[in-house]
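This is entry14.txt (compact mmCIF, C-alpha atoms).
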```txt
# COMPACT_ATOMS: atom_id res chain seq x y z
CA MET A 1 16.39 11.66 -12.70
CA SER A 2 13.25 13.44 -11.58
CA ALA A 3 10.01 14.25 -13.32
CA THR A 4 7.33 16.82 -12.77
CA LEU A 5 3.74 15.67 -12.81
CA THR A 6 0.61 17.79 -12.86
CA VAL A 7 -2.42 16.13 -11.32
CA ARG A 8 -5.96 17.45 -11.31
CA LEU A 9 -7.71 16.90 -7.96
CA SER A 10 -11.29 17.53 -7.02
CA ALA A 11 -11.86 20.18 -4.39
CA LYS A 12 -12.50 17.44 -1.84
CA GLU A 13 -9.27 15.61 -2.74
CA ALA A 14 -7.25 18.83 -2.58
CA LYS A 15 -8.74 19.65 0.81
CA SER A 16 -7.89 16.15 2.05
CA LEU A 17 -4.33 16.42 0.73
CA ASP A 18 -3.87 19.81 2.38
CA ALA A 19 -5.19 18.43 5.68
CA ILE A 20 -2.70 15.55 5.52
CA CYS A 21 0.08 18.04 4.79
CA ARG A 22 -0.87 20.16 7.81
CA MET A 23 -1.09 17.11 10.09
CA THR A 24 2.23 15.65 8.97
CA GLY A 25 4.16 18.82 8.26
CA LYS A 26 5.05 17.41 4.84
CA SER A 27 4.75 19.01 1.44
CA ARG A 28 2.16 17.93 -1.09
CA SER A 29 4.92 16.38 -3.18
CA GLU A 30 6.22 14.29 -0.28
CA VAL A 31 2.74 13.08 0.67
CA VAL A 32 2.08 12.05 -2.96
CA ARG A 33 5.49 10.31 -3.21
CA GLU A 34 4.81 8.41 0.03
CA SER A 35 1.37 7.45 -1.27
CA LEU A 36 2.90 6.12 -4.48
CA ARG A 37 5.45 4.08 -2.53
CA GLY A 38 2.66 2.68 -0.35
CA TYR A 39 0.66 1.78 -3.45
CA GLU A 40 3.66 -0.03 -4.92
CA VAL A 41 4.15 -2.02 -1.71
CA ARG A 42 0.46 -3.00 -1.55
CA ARG A 43 0.52 -4.15 -5.20
CA SER A 44 3.67 -6.19 -4.60
CA LEU A 45 2.18 -7.82 -1.53
CA ALA A 46 -1.04 -8.59 -3.41
CA ALA A 47 0.96 -10.25 -6.21
CA ILE A 48 2.95 -12.32 -3.72
CA ARG A 49 -0.24 -13.29 -1.91
CA ALA A 50 -1.91 -14.34 -5.17
CA GLU A 51 1.09 -16.53 -5.98
CA LEU A 52 1.37 -18.10 -2.53
CA MET A 53 -2.28 -18.61 -1.58
CA PRO A 54 -2.79 -21.69 -3.80
CA LYS A 55 0.37 -23.24 -2.33
CA ALA A 56 -0.80 -22.45 1.19
CA ARG A 57 -4.17 -24.07 0.50
CA GLU A 58 -2.39 -27.16 -0.83
CA ALA A 59 -0.48 -27.31 2.46
CA GLY A 60 -3.75 -27.03 4.38
CA TRP A 61 -3.09 -23.50 5.58
CA LEU A 62 -6.42 -21.70 5.52
CA THR A 63 -5.98 -19.51 8.61
CA GLU A 64 -3.11 -17.91 10.51
CA GLU A 65 -3.65 -20.52 13.22
CA ASP A 66 -2.91 -23.25 10.66
CA VAL A 67 0.41 -21.61 9.83
CA PHE A 68 1.33 -21.03 13.48
CA ARG A 69 0.47 -24.63 14.30
CA ASP A 70 2.84 -25.98 11.66
CA VAL A 71 5.74 -23.59 12.14
CA SER A 72 5.74 -23.42 15.93
```
Let me see whether you can do it: turn the structure in this file into structure tokens.
Amino acid sequence: MSATLTVRLSAKEAKSLDAICRMTGKSRSEVVRESLRGYEVRRSLAAIRAELMPKAREAGWLTEEDVFRDVS
């Protein structure tokens, strides 16, 4: 199933989107779809991080070096 969406962009946003399209050779629709997928990934990672950070702190992992030390 697909859906059509109309989005109102400022002149600056439209110019930026068009520049991205020219640089990548992709259509506006593809750039927006990729942006949405990227947004979904970032939200998922933020949720996972929020869930795991308290557990990491309990384990004494405050930096990447702490993790590397214990898993190496």
(request) Rounded to one decimal place, report the CA of Lys15 (chain A)-CA of Ser29 (chain A) distance in Å. (result) 14.6 Å
(request) Pick out the closest residue to Ser2 (chain A) from this set: A:Ile20, A:Arg28, A:Val71, A:Arg33. Count only C-alpha atoms. (result) A:Arg33
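Here CA of Gly25 (chain A) is placed at a distance of 19.5 Å from CA of Lys12 (chain A).
Going from CA of Arg8 (chain A) to CA of Cys21 (chain A) covers 17.2 Å.
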(request) Please provide as a PyMOL selection string all residues within 12 Å of Ser16 (chain A), with the sequence filter that same-chain residues fewer than 5 positions apart are discarded (counting only C-alpha atoms). (result) chain A and resi 9-11+21-23+28+31-32
